Protein chains: 4
Amino acid sequence: MPTFSHPDFESPALAAAPDARFQPAPAGGVLPDGFFSTTNLPTYVRVGGRWRMPREPRMDAALVLDADGELWVKEPRRVRQGERVAVGYAEDGSEGIFVHTAAFLGESEEGEFKFMTSEVSREKPIDYALMASLLVDERGRGGYPIWVTGPALVHSRARADMVWFIANGFVGALLAGNAVAVHDIEASIFGTTLGMTRTGEATSGGHGLHMRAINKVRAAGSIARAVEQGVITDGIMHACVVHGVPFVLTGSIRDDGPLPDVLTDAVEGQEAMKRHTVKATMAVLVATALHAIATGNMLPAFVTERDGSLRELPTICVDSSEFVVSKLKDRGTHQAFGVVTNAQDFMHILRLYVERELAARAGSARPSEVTRDVARPVRT
Amino acid sequence: MPTFSHPDFESPALAAAPDARFQPAPAGGVLPDGFFSTTNLPTYVRVGGRWRMPREPRMDAALVLDADGELWVKEPRRVRQGERVAVGYAEDGSEGIFVHTAAFLGESEEGEFKFMTSEVSREKPIDYALMASLLVDERGRGGYPIWVTGPALVHSRARADMVWFIANGFVGALLAGNAVAVHDIEASIFGTTLGMTRTGEATSGGHGLHMRAINKVRAAGSIARAVEQGVITDGIMHACVVHGVPFVLTGSIRDDGPLPDVLTDAVEGQEAMKRHTVKATMAVLVATALHAIATGNMLPAFVTERDGSLRELPTICVDSSEFVVSKLKDRGTHQAFGVVTNAQDFMHILRLYVERELAARAGSARPSEVTRDVARPVRT
Amino acid sequence: MPTFSHPDFESPALAAAPDARFQPAPAGGVLPDGFFSTTNLPTYVRVGGRWRMPREPRMDAALVLDADGELWVKEPRRVRQGERVAVGYAEDGSEGIFVHTAAFLGESEEGEFKFMTSEVSREKPIDYALMASLLVDERGRGGYPIWVTGPALVHSRARADMVWFIANGFVGALLAGNAVAVHDIEASIFGTTLGMTRTGEATSGGHGLHMRAINKVRAAGSIARAVEQGVITDGIMHACVVHGVPFVLTGSIRDDGPLPDVLTDAVEGQEAMKRHTVKATMAVLVATALHAIATGNMLPAFVTERDGSLRELPTICVDSSEFVVSKLKDRGTHQAFGVVTNAQDFMHILRLYVERELAARAGSARPSEVTRDVARPVRT
Amino acid sequence: MPTFSHPDFESPALAAAPDARFQPAPAGGVLPDGFFSTTNLPTYVRVGGRWRMPREPRMDAALVLDADGELWVKEPRRVRQGERVAVGYAEDGSEGIFVHTAAFLGESEEGEFKFMTSEVSREKPIDYALMASLLVDERGRGGYPIWVTGPALVHSRARADMVWFIANGFVGALLAGNAVAVHDIEASIFGTTLGMTRTGEATSGGHGLHMRAINKVRAAGSIARAVEQGVITDGIMHACVVHGVPFVLTGSIRDDGPLPDVLTDAVEGQEAMKRHTVKATMAVLVATALHAIATGNMLPAFVTERDGSLRELPTICVDSSEFVVSKLKDRGTHQAFGVVTNAQDFMHILRLYVERELAARAGSARPSEVTRDVARPVRT
């Protein structure tokens, strides 16, 4: 259990500090403007040239000097009209109030009492405009954004949105497992995923449909051949084949089938993924702990530009729980930017913002160029 | 540990069943079309008039009759060209294969082996079109949809979307806690929530901003007066005041302040909420376990129409984890339909779909009516 | 939005029902013993031979007949002394009160208004005594319990408990991935897991320790040889080698190394796992979504005893979130019994209960036998 | 998207650095002892007096200088026998290898590439021995540990353990909501919680049992009187009454009843809680987001000893998800130590460790003292 010293009041900054200023409360339960708002850390108030600690410390309250000269930390609602309330924003003593943050939070620039400092939280806003802008930039500069996705993308209805990103040149390569392709192909052939309809109902006889989908692709010989033969007519894998976007499907121990395209050997799978991670200039990891961590393991945190300069490799990690993103960071992928949401919703809104960004940029460009840009697949 | 009996093979249905049919596998690892896909439940195959259990049972596999007359459950990838594979879809014995589901899953209509049967899961698709349609219907028939929201709605950027729903007549009443209003008002006055900027950064000095926001409203006397005085200029509470949508703010033990409008007594708060729940014809519960369960406690599962007929009271519950929705159901609100996603994304997409639904209905209506409909606040 | 009919009041049961009985409230806010506690479903009360619906329906409240003959659903706290409160427990009309559950919850035996019906929840008690008893039974009858574990088991301090289960004959086979063995061996050689100490601190230079551990085993040639050479001196893998408990380590796309014992090909890995799942008489799945689902895929829901009788295959699935267990069930492993907790704590308490169970059984057996029983490895 | 500069190679430390050392790999896929293990950050290797960046950067790999003098980052499994592999542990250039962490992770002491740095994670070990030691210390010194609990504690079977802590003097005060007491009293009277039995089964008619329990206490007048009258015969509230441990039950908007002891006004409730938080010398927060944050708001991060010295106020926060602990920290309770587990298991193991700690201390003390110590309630 850590103990700590009081601050050094002989230090020049504290020795030279003025007394704290107090103003009367304008009404019961109402504080003067500019009141000092307390933290839960050791706090010292200079009164009559002496540094004193107030009684009953707590956060989110006011500092009150009562008629007997006693200092209290008091909830605003309990402050009576006319009571003397400390005012000031500074916590470094320069206005007569010193919050001893160093004792708890360290001396670094981070050493300030703040709320909402956790890195990954569903309570954080999601900056779709920024992500959309990054993606459009990458496409503009001929970058190589890799997308790594889990099967939740297909279970829910993000499938059409993923197809849109592939068709419009935002996907350098798709890295996924057997299940993504199996669910996607079951959806194309039977209209279900694991026998669940698009409205989320389990169907009678549905438990065998993914096996039937796999069987049809095995009969065709490969996903590309199943597309050629008209067995697979839409969806993510179809889009990759049609638009020439490379994909790597790597096996896992829980796979059914697997599909003929799947690399069942993990080492061989890692080699195949790495042929894309070494070229990656951006990474979008959606709804997959396993493949996100696999990719994070191989991915540098930075991109070296042709002129030798360095920039961060933008890495977006989407999951419905904070856990996956924290796990990715705990395994060294510190640059990952976490988005805690449902994969279906993420894909839909991201596409919306990319469309807006394209429209906004088109407004200031020659229309012909924009049109061409949108239609061109990224890899030719 | 339950034990079970074998099925009654003397029952008329099973006694009269035909032998199972087998077809040769067309290639190695490829099954004949219409193959029987196994489950993990006790399975009986009729061969030569006798019901037999295959060896090495597992799900997602094929039934193979080998050259020695032995029956195996075999992974499709291991089936060799020409091996005899059982075909058929029926699991009730009528094609010579019987899956003994009753032993495990009961005799009811639910008693069938299925995937994806859990009620609440992030893997389920979210039917925004249906929810949008319900909301537009409610507005059309003069219903009274109550919205119950938690502070995550304001932390993230769903604030503008909530304002849109209020302004466009989709909110009968808003039921929430002190924190929703505090964050919303902090956002209006300072542009932050708990000191966090709209892009998710903690700010220096930010930990006191919600206290300063509360103090300004306490000085004004009420939220409505703070709106009148121009202290609060936008946001959710502003929209309620301006559009005459009633709100109930109930207190909780973790409140700062609280704001002057907050009913700090829980019993008094429940009375105030109930004045709205008794009128409710729909409920949308977003990002709040506490208030969702409070509302669920008071809400009938049904609406009695003026003609005495009954219909379900549509209840949508949105949270980023399955837990809150399951908890709500575990406390009796069985009719709740769960949406597992981020509140910000939910609000944004729901609004998008409502806008689409309005546009679609407008296409088949006289434009003037539609416009009037959209502009009219629900409660006048 | 479902609509429903009122019940058939001409049915014999309802036609013959008595009037509801009412008793005066003994004090303000206090109900008579045996009061009827409401649900949120359509409810009908027989008064003067007529079935009537009360006003302001909600759950957890009382039925009050006021002086004007009006029927209300009223919160107990609002009931005044002497008000007439309906009494009775029956919801089928036989005491004059009918709850129309069939409208909502179906006609089956499940069709009753209940709380706490969700299958998997952290709010459910965990029956360690039952699980301990099952494990001791399995060992007693020479069963083959397979354990499938994720790396969280080793990160946290359940390692010693897992060793205890292996050493004492409760583990038929261990099925896991590369990471479990890597962390376990890093812990044996360096005292850390992913560079984190036993008290959870990240260490300087720690990020390379798992790579150094892998390198030492690769140099030795296999885990067994590293044990022989004294490189690995304790832990889970050491216990498997020393006690002759077979293990299968299967590869995944996120593996570092991998260790020489790892089967990197997923299909080959499934074959190796299946050699154990076909013998399994019980399964304990701890802290692994991937391997739990892989095992669930291969595992029958039942055990066929030597005499041909069937019993359920006890399947325990432990995870810190409800999601993994629900996912397992959604993929057909309906028999899984979910335990929502931390792996470390699960292992520790399970061991404690097994030790108690052994002591309790020893009390009624000859001591010598018990001792021999505890010491005997399960597979010889 | 951040960009960064290369390091200053003219700085004294880097200018004076030696060349990196390389050693041949002893076998294929086996690295020399002391190999340098890479990170995903920009890395510079000094070869022939020049700082160079290797190709194909990734973490968890080796630095290889090939026959052509090219530098590669290479997975260990791909290193061939005899290839030159960089050795060294230092990342600051002093052994010829420089990892440019400052670019990404800042200049502070935290600025080092590490795994497992997240503050709150289910993957972190739980130090029960430390927590037990803290509790025994507090009791020994006459401290005032406050316990703040949610209803999950009672739903699951931690009830008996909580009673033990109360009975043995480890609880200064209990702060909770209506639900904790309602479930606890339902368990005492009916043996269920929300109608769920101790083995987790929903019971017929069970949905009304908590209402009947509340009614009995309302009839008695208070919890203490219900204990006196023999209505409540065991459990947490019973233990508080019998052992004279003060409790504060504060209301919430979702309460049924409430019980007569509940403070329904939130402001009054906060005042009552604060009478205990100002005396608190330790806090244990179990399975409650609402009350944990309420308490965190009021609790200083430190204890002022009688001699004026300061120490941290130990604050343990237990929840089954990382979210609650992160939320508590995000609202300023930085000193909270998070334990991600099930409340039932936490209570059981903590008690076990406290019992062990007492036994261990008893071993080195005079038995009579220890016995007296264990039996004495903390507040007399």
# chains A, B, ... in the order shown; residues from 1 in each chain; ligands from 1
call {"tool": "interface_residues", "arguments": {"of": "chain D", "to": "chain B", "cutoff": "8 Å", "atoms": "only C-alpha atoms", "output": "VMD selection string"}}
result
chain D and resid 250 to 255 264 to 267 269 to 270 290 to 291 293 to 295 297
call {"tool": "residues_around", "arguments": {"residues": "A:Ala90", "least_positions_apart": "6", "cutoff": "9 Å", "atoms": "only C-alpha atoms", "output": "JSON, numbers by chain"}}
result
{"A": [36, 96, 97, 98, 99], "B": [205]}
call {"tool": "write_last_selection", "arguments": {"atoms": "all heavy atoms", "output": "PDB file, in the first residue's frame"}}
result
ATOM      1  N   PHE A  36     -13.613  26.672  -7.651  1.00  0.00           N
ATOM      2  CA  PHE A  36     -12.647  25.583  -7.779  1.00  0.00           C
ATOM      3  C   PHE A  36     -13.384  24.262  -7.593  1.00  0.00           C
ATOM      4  O   PHE A  36     -14.091  24.076  -6.605  1.00  0.00           O
ATOM      5  CB  PHE A  36     -11.539  25.724  -6.725  1.00  0.00           C
ATOM      6  CG  PHE A  36     -10.461  24.696  -6.882  1.00  0.00           C
ATOM      7  CD1 PHE A  36      -9.381  24.911  -7.729  1.00  0.00           C
ATOM      8  CD2 PHE A  36     -10.532  23.478  -6.204  1.00  0.00           C
ATOM      9  CE1 PHE A  36      -8.388  23.952  -7.895  1.00  0.00           C
ATOM     10  CE2 PHE A  36      -9.552  22.510  -6.374  1.00  0.00           C
ATOM     11  CZ  PHE A  36      -8.481  22.752  -7.217  1.00  0.00           C
ATOM     12  N   GLY A  96      -3.140  29.631  -5.312  1.00  0.00           N
ATOM     13  CA  GLY A  96      -3.302  29.349  -3.887  1.00  0.00           C
ATOM     14  C   GLY A  96      -3.903  27.993  -3.570  1.00  0.00           C
ATOM     15  O   GLY A  96      -4.207  27.682  -2.414  1.00  0.00           O
ATOM     16  N   ILE A  97      -4.091  27.151  -4.598  1.00  0.00           N
ATOM     17  CA  ILE A  97      -4.610  25.798  -4.368  1.00  0.00           C
ATOM     18  C   ILE A  97      -3.687  24.814  -5.090  1.00  0.00           C
ATOM     19  O   ILE A  97      -3.366  25.010  -6.269  1.00  0.00           O
ATOM     20  CB  ILE A  97      -6.054  25.648  -4.896  1.00  0.00           C
ATOM     21  CG1 ILE A  97      -6.958  26.715  -4.248  1.00  0.00           C
ATOM     22  CG2 ILE A  97      -6.594  24.245  -4.617  1.00  0.00           C
ATOM     23  CD1 ILE A  97      -8.336  26.824  -4.877  1.00  0.00           C
ATOM     24  N   PHE A  98      -3.260  23.791  -4.371  1.00  0.00           N
ATOM     25  CA  PHE A  98      -2.321  22.837  -4.953  1.00  0.00           C
ATOM     26  C   PHE A  98      -2.883  21.422  -4.836  1.00  0.00           C
ATOM     27  O   PHE A  98      -3.225  20.964  -3.739  1.00  0.00           O
ATOM     28  CB  PHE A  98      -0.970  22.921  -4.242  1.00  0.00           C
ATOM     29  CG  PHE A  98       0.053  21.977  -4.811  1.00  0.00           C
ATOM     30  CD1 PHE A  98       0.691  22.257  -6.012  1.00  0.00           C
ATOM     31  CD2 PHE A  98       0.359  20.778  -4.161  1.00  0.00           C
ATOM     32  CE1 PHE A  98       1.621  21.374  -6.554  1.00  0.00           C
ATOM     33  CE2 PHE A  98       1.290  19.894  -4.703  1.00  0.00           C
ATOM     34  CZ  PHE A  98       1.918  20.204  -5.910  1.00  0.00           C
ATOM     35  N   VAL A  99      -2.996  20.743  -5.977  1.00  0.00           N
ATOM     36  CA  VAL A  99      -3.456  19.359  -5.987  1.00  0.00           C
ATOM     37  C   VAL A  99      -2.236  18.472  -6.180  1.00  0.00           C
ATOM     38  O   VAL A  99      -1.501  18.621  -7.159  1.00  0.00           O
ATOM     39  CB  VAL A  99      -4.489  19.119  -7.103  1.00  0.00           C
ATOM     40  CG1 VAL A  99      -4.957  17.675  -7.092  1.00  0.00           C
ATOM     41  CG2 VAL A  99      -5.662  20.069  -6.943  1.00  0.00           C
TER      42      VAL A  99
ATOM     43  N   GLY B 205      -8.346  20.443 -17.088  1.00  0.00           N
ATOM     44  CA  GLY B 205      -9.389  21.191 -16.381  1.00  0.00           C
ATOM     45  C   GLY B 205     -10.784  20.668 -16.650  1.00  0.00           C
ATOM     46  O   GLY B 205     -11.760  21.173 -16.104  1.00  0.00           O
TER      47      GLY B 205
END
call {"tool": "atom_distance", "arguments": {"atom1": "atom CA of B:Ala102", "atom2": "atom CA of C:Phe323"}}
result
26.2 Å
call {"tool": "residues_around", "arguments": {"residues": "C:Phe302", "least_positions_apart": "2", "cutoff": "6 Å", "atoms": "only C-alpha atoms", "output": "VMD selection string"}}
result
chain C and resid 300 311 to 313
call {"tool": "write_last_selection", "arguments": {"atoms": "N, CA and C atoms", "output": "short mmCIF file (atom, residue, chain, number, x, y, z; two decimals), in the first residue's frame"}}
result
data_model
loop_
_atom_site.label_atom_id
_atom_site.label_comp_id
_atom_site.auth_asym_id
_atom_site.auth_seq_id
_atom_site.Cartn_x
_atom_site.Cartn_y
_atom_site.Cartn_z
N PRO C 300 -20.10 -35.78 -29.55
CA PRO C 300 -21.51 -36.12 -29.46
C PRO C 300 -22.09 -35.53 -28.17
N ARG C 311 -26.38 -41.80 -22.01
CA ARG C 311 -26.49 -40.71 -21.03
C ARG C 311 -25.89 -39.45 -21.64
N GLU C 312 -26.25 -38.32 -21.06
CA GLU C 312 -25.71 -37.06 -21.55
C GLU C 312 -24.21 -37.01 -21.31
N LEU C 313 -23.49 -36.40 -22.23
CA LEU C 313 -22.06 -36.21 -22.04
C LEU C 313 -21.88 -34.89 -21.31
#
call {"tool": "select_by_dssp", "arguments": {"residues": "stretch 51-288 of chain A", "states": "strand (DSSP E or B)", "output": "JSON, numbers by chain"}}
result
{"A": [51, 52, 55, 62, 63, 64, 65, 71, 72, 73, 74, 84, 85, 86, 87, 92, 97, 98, 99, 145, 146, 147, 148, 149, 173, 174, 175, 176, 177, 193, 196, 202, 247, 248, 249, 250, 263, 265, 282, 283, 284, 285, 286]}
call {"tool": "atom_distance", "arguments": {"atom1": "atom CA of C:Ala129", "atom2": "atom CA of C:Arg351"}}
result
10.4 Å
call {"tool": "residues_around", "arguments": {"residues": "D:Arg46", "least_positions_apart": "5", "cutoff": "10 Å", "atoms": "only C-alpha atoms", "output": "PyMOL selection string"}}
result
chain D and resi 14+17-21+51-53+93+95-98
call {"tool": "closest_residue", "arguments": {"among": "D:Val303, D:Ala67, D:Val286, D:Ile126", "to": "D:Ala158", "atoms": "only C-alpha atoms"}}
result
D:Val286
call {"tool": "select_by_dssp", "arguments": {"residues": "stretch 115-278 of chain C", "states": "alpha helix (DSSP H)", "output": "PyMOL selection string"}}
result
chain C and resi 128-140+152-155+159-167+178-190+209-220+223-228+236-243+266-277
call {"tool": "closest_residue", "arguments": {"among": "A:Gly221, A:Gly169, A:Gly308, A:Gly206", "to": "A:Val354", "atoms": "only C-alpha atoms"}}
result
A:Gly169
call {"tool": "closest_residue", "arguments": {"among": "B:Val30, B:Leu299, B:Ala13, B:Val154", "to": "A:Ala213", "atoms": "only C-alpha atoms"}}
result
B:Val30
call {"tool": "atom_distance", "arguments": {"atom1": "atom CA of A:Ala272", "atom2": "atom CA of A:Gln344"}}
result
27.5 Å
call {"tool": "closest_residue", "arguments": {"among": "D:Val64, D:Met237, D:Leu285, D:Val171", "to": "D:Gly150", "atoms": "only C-alpha atoms"}}
result
D:Leu285
call {"tool": "residues_around", "arguments": {"residues": "stretch 224-226 of chain D", "least_positions_apart": "6", "cutoff": "8 Å", "atoms": "only C-alpha atoms", "output": "ChimeraX atom specification"}}
result
/D:216-217,232,238,241
call {"tool": "write_last_selection", "arguments": {"atoms": "all heavy atoms", "output": "PDB file, in the first residue's frame"}}
result
ATOM      1  N   LYS D 216     -43.616  -8.775   4.123  1.00  0.00           N
ATOM      2  CA  LYS D 216     -43.417  -9.216   5.503  1.00  0.00           C
ATOM      3  C   LYS D 216     -42.575  -8.211   6.299  1.00  0.00           C
ATOM      4  O   LYS D 216     -42.838  -7.958   7.479  1.00  0.00           O
ATOM      5  CB  LYS D 216     -42.746 -10.595   5.523  1.00  0.00           C
ATOM      6  CG  LYS D 216     -43.716 -11.728   5.167  1.00  0.00           C
ATOM      7  CD  LYS D 216     -43.072 -13.090   5.296  1.00  0.00           C
ATOM      8  CE  LYS D 216     -43.985 -14.178   4.723  1.00  0.00           C
ATOM      9  NZ  LYS D 216     -45.279 -14.303   5.455  1.00  0.00           N
ATOM     10  N   VAL D 217     -41.569  -7.660   5.637  1.00  0.00           N
ATOM     11  CA  VAL D 217     -40.737  -6.690   6.361  1.00  0.00           C
ATOM     12  C   VAL D 217     -41.505  -5.395   6.570  1.00  0.00           C
ATOM     13  O   VAL D 217     -41.408  -4.773   7.629  1.00  0.00           O
ATOM     14  CB  VAL D 217     -39.413  -6.433   5.610  1.00  0.00           C
ATOM     15  CG1 VAL D 217     -38.548  -5.432   6.373  1.00  0.00           C
ATOM     16  CG2 VAL D 217     -38.658  -7.738   5.414  1.00  0.00           C
ATOM     17  N   ILE D 232     -36.796 -12.885   9.731  1.00  0.00           N
ATOM     18  CA  ILE D 232     -35.516 -13.069   9.017  1.00  0.00           C
ATOM     19  C   ILE D 232     -34.583 -13.798   9.962  1.00  0.00           C
ATOM     20  O   ILE D 232     -34.314 -13.305  11.066  1.00  0.00           O
ATOM     21  CB  ILE D 232     -34.899 -11.708   8.630  1.00  0.00           C
ATOM     22  CG1 ILE D 232     -35.880 -10.882   7.793  1.00  0.00           C
ATOM     23  CG2 ILE D 232     -33.586 -11.913   7.891  1.00  0.00           C
ATOM     24  CD1 ILE D 232     -35.424  -9.449   7.569  1.00  0.00           C
ATOM     25  N   HIS D 238     -29.412  -9.978   8.363  1.00  0.00           N
ATOM     26  CA  HIS D 238     -29.466 -10.583   9.698  1.00  0.00           C
ATOM     27  C   HIS D 238     -28.118 -10.429  10.403  1.00  0.00           C
ATOM     28  O   HIS D 238     -28.052 -10.023  11.572  1.00  0.00           O
ATOM     29  CB  HIS D 238     -29.838 -12.068   9.525  1.00  0.00           C
ATOM     30  CG  HIS D 238     -29.921 -12.840  10.799  1.00  0.00           C
ATOM     31  ND1 HIS D 238     -28.842 -13.524  11.305  1.00  0.00           N
ATOM     32  CD2 HIS D 238     -30.934 -13.027  11.674  1.00  0.00           C
ATOM     33  CE1 HIS D 238     -29.195 -14.118  12.435  1.00  0.00           C
ATOM     34  NE2 HIS D 238     -30.471 -13.829  12.691  1.00  0.00           N
ATOM     35  N   VAL D 241     -27.514  -6.858  11.563  1.00  0.00           N
ATOM     36  CA  VAL D 241     -28.303  -6.523  12.754  1.00  0.00           C
ATOM     37  C   VAL D 241     -27.696  -7.175  13.989  1.00  0.00           C
ATOM     38  O   VAL D 241     -27.462  -6.519  15.019  1.00  0.00           O
ATOM     39  CB  VAL D 241     -29.775  -6.972  12.560  1.00  0.00           C
ATOM     40  CG1 VAL D 241     -30.542  -6.872  13.876  1.00  0.00           C
ATOM     41  CG2 VAL D 241     -30.440  -6.145  11.470  1.00  0.00           C
TER      42      VAL D 241
END
call {"tool": "residues_around", "arguments": {"residues": "C:Lys74", "least_positions_apart": "6", "cutoff": "12 Å", "atoms": "only C-alpha atoms", "output": "list in words"}}
result
Glu271, Lys274 and Met298 of chain B; Gly29, Leu31, Phe36, Ser37, Thr38, Thr39, Pro54, Arg55, Glu56, Pro57, Arg58, Met59, Asp60, Ala61, Ala62, Leu63, Val64, Leu65, Asp66, Arg80, Glu83, Arg84, Val85 and Ala86 of chain C; Gly257 of chain D
call {"tool": "residues_around", "arguments": {"residues": "A:Phe190", "least_positions_apart": "5", "cutoff": "12 Å", "atoms": "only C-alpha atoms", "output": "list in words"}}
result
Val182, His183, Asp184, Ile185, Gly195, Met196, Thr197, Arg198, Thr203, Gly205, Gly206, His207, Gly208, Leu209, His210, Met211, Arg212, Ala213, Ile214, Lys216, Val231, Ile232, Thr233 and Asp234 of chain A
call {"tool": "write_last_selection", "arguments": {"atoms": "N, CA and C atoms", "output": "short mmCIF file (atom, residue, chain, number, x, y, z; two decimals), in the first residue's frame"}}
result
data_model
loop_
_atom_site.label_atom_id
_atom_site.label_comp_id
_atom_site.auth_asym_id
_atom_site.auth_seq_id
_atom_site.Cartn_x
_atom_site.Cartn_y
_atom_site.Cartn_z
N VAL A 182 -17.39 -19.34 -45.82
CA VAL A 182 -18.48 -20.33 -45.76
C VAL A 182 -19.83 -19.63 -45.54
N HIS A 183 -19.89 -18.72 -44.57
CA HIS A 183 -21.15 -18.03 -44.30
C HIS A 183 -21.56 -17.19 -45.52
N ASP A 184 -20.58 -16.52 -46.11
CA ASP A 184 -20.86 -15.66 -47.26
C ASP A 184 -21.41 -16.48 -48.42
N ILE A 185 -20.85 -17.65 -48.63
CA ILE A 185 -21.28 -18.49 -49.75
C ILE A 185 -22.62 -19.16 -49.42
N GLY A 195 -27.88 -21.38 -41.24
CA GLY A 195 -29.29 -21.69 -41.21
C GLY A 195 -30.17 -20.57 -40.68
N MET A 196 -29.56 -19.43 -40.31
CA MET A 196 -30.34 -18.30 -39.79
C MET A 196 -30.72 -17.38 -40.95
N THR A 197 -31.97 -16.99 -41.00
CA THR A 197 -32.39 -16.12 -42.08
C THR A 197 -31.90 -14.70 -41.87
N ARG A 198 -32.12 -13.86 -42.86
CA ARG A 198 -31.67 -12.48 -42.76
C ARG A 198 -32.37 -11.72 -41.66
N THR A 203 -33.80 -21.70 -39.00
CA THR A 203 -34.71 -22.40 -39.91
C THR A 203 -34.64 -23.90 -39.71
N GLY A 205 -34.07 -27.52 -40.66
CA GLY A 205 -33.12 -28.09 -41.61
C GLY A 205 -31.94 -27.20 -41.89
N GLY A 206 -31.90 -26.04 -41.25
CA GLY A 206 -30.87 -25.04 -41.55
C GLY A 206 -29.49 -25.44 -41.10
N HIS A 207 -29.40 -26.35 -40.13
CA HIS A 207 -28.08 -26.67 -39.58
C HIS A 207 -27.17 -27.32 -40.60
N GLY A 208 -27.72 -27.87 -41.69
CA GLY A 208 -26.88 -28.51 -42.68
C GLY A 208 -26.51 -27.61 -43.86
N LEU A 209 -27.05 -26.40 -43.91
CA LEU A 209 -26.88 -25.61 -45.12
C LEU A 209 -25.43 -25.18 -45.36
N HIS A 210 -24.70 -24.88 -44.29
CA HIS A 210 -23.30 -24.50 -44.53
C HIS A 210 -22.50 -25.69 -45.06
N MET A 211 -22.91 -26.91 -44.65
CA MET A 211 -22.21 -28.10 -45.17
C MET A 211 -22.53 -28.29 -46.65
N ARG A 212 -23.75 -27.99 -47.02
CA ARG A 212 -24.13 -28.12 -48.44
C ARG A 212 -23.40 -27.07 -49.29
N ALA A 213 -23.25 -25.87 -48.72
CA ALA A 213 -22.53 -24.81 -49.45
C ALA A 213 -21.07 -25.23 -49.68
N ILE A 214 -20.45 -25.72 -48.62
CA ILE A 214 -19.06 -26.17 -48.73
C ILE A 214 -18.96 -27.27 -49.80
N LYS A 216 -20.72 -27.82 -52.38
CA LYS A 216 -20.84 -27.32 -53.75
C LYS A 216 -19.52 -26.69 -54.22
N VAL A 231 -22.29 -20.84 -59.47
CA VAL A 231 -22.75 -21.39 -58.19
C VAL A 231 -22.85 -20.27 -57.15
N ILE A 232 -21.83 -19.41 -57.15
CA ILE A 232 -21.81 -18.25 -56.25
C ILE A 232 -22.09 -17.02 -57.10
N THR A 233 -23.13 -16.29 -56.75
CA THR A 233 -23.57 -15.22 -57.65
C THR A 233 -23.48 -13.82 -57.03
N ASP A 234 -23.20 -13.75 -55.75
CA ASP A 234 -23.06 -12.44 -55.13
C ASP A 234 -22.28 -12.59 -53.85
#
call {"tool": "closest_residue", "arguments": {"among": "B:Leu135, B:Val87, B:Ala160, B:Val227", "to": "B:His348", "atoms": "only C-alpha atoms"}}
result
B:Ala160
call {"tool": "decode", "arguments": {"residues": "stretch 34-39 of chain B", "atoms": "N, CA and C atoms", "output": "compact mmCIF listing (two decimals), in the first residue's frame"}}
result
# COMPACT_ATOMS: atom_id res chain seq x y z
N GLY B 34 -27.82 -33.57 -51.74
CA GLY B 34 -28.87 -34.07 -50.86
C GLY B 34 -28.38 -34.99 -49.77
N PHE B 35 -27.08 -34.96 -49.50
CA PHE B 35 -26.54 -35.80 -48.43
C PHE B 35 -27.20 -35.44 -47.11
N PHE B 36 -27.25 -36.41 -46.20
CA PHE B 36 -27.77 -36.16 -44.86
C PHE B 36 -26.66 -35.55 -44.02
N SER B 37 -26.95 -34.40 -43.38
CA SER B 37 -25.95 -33.71 -42.55
C SER B 37 -26.23 -34.00 -41.09
N THR B 38 -25.24 -34.55 -40.37
CA THR B 38 -25.51 -35.07 -39.03
C THR B 38 -25.62 -33.99 -37.97
N THR B 39 -26.20 -34.38 -36.84
CA THR B 39 -26.22 -33.57 -35.62
C THR B 39 -25.39 -34.32 -34.58
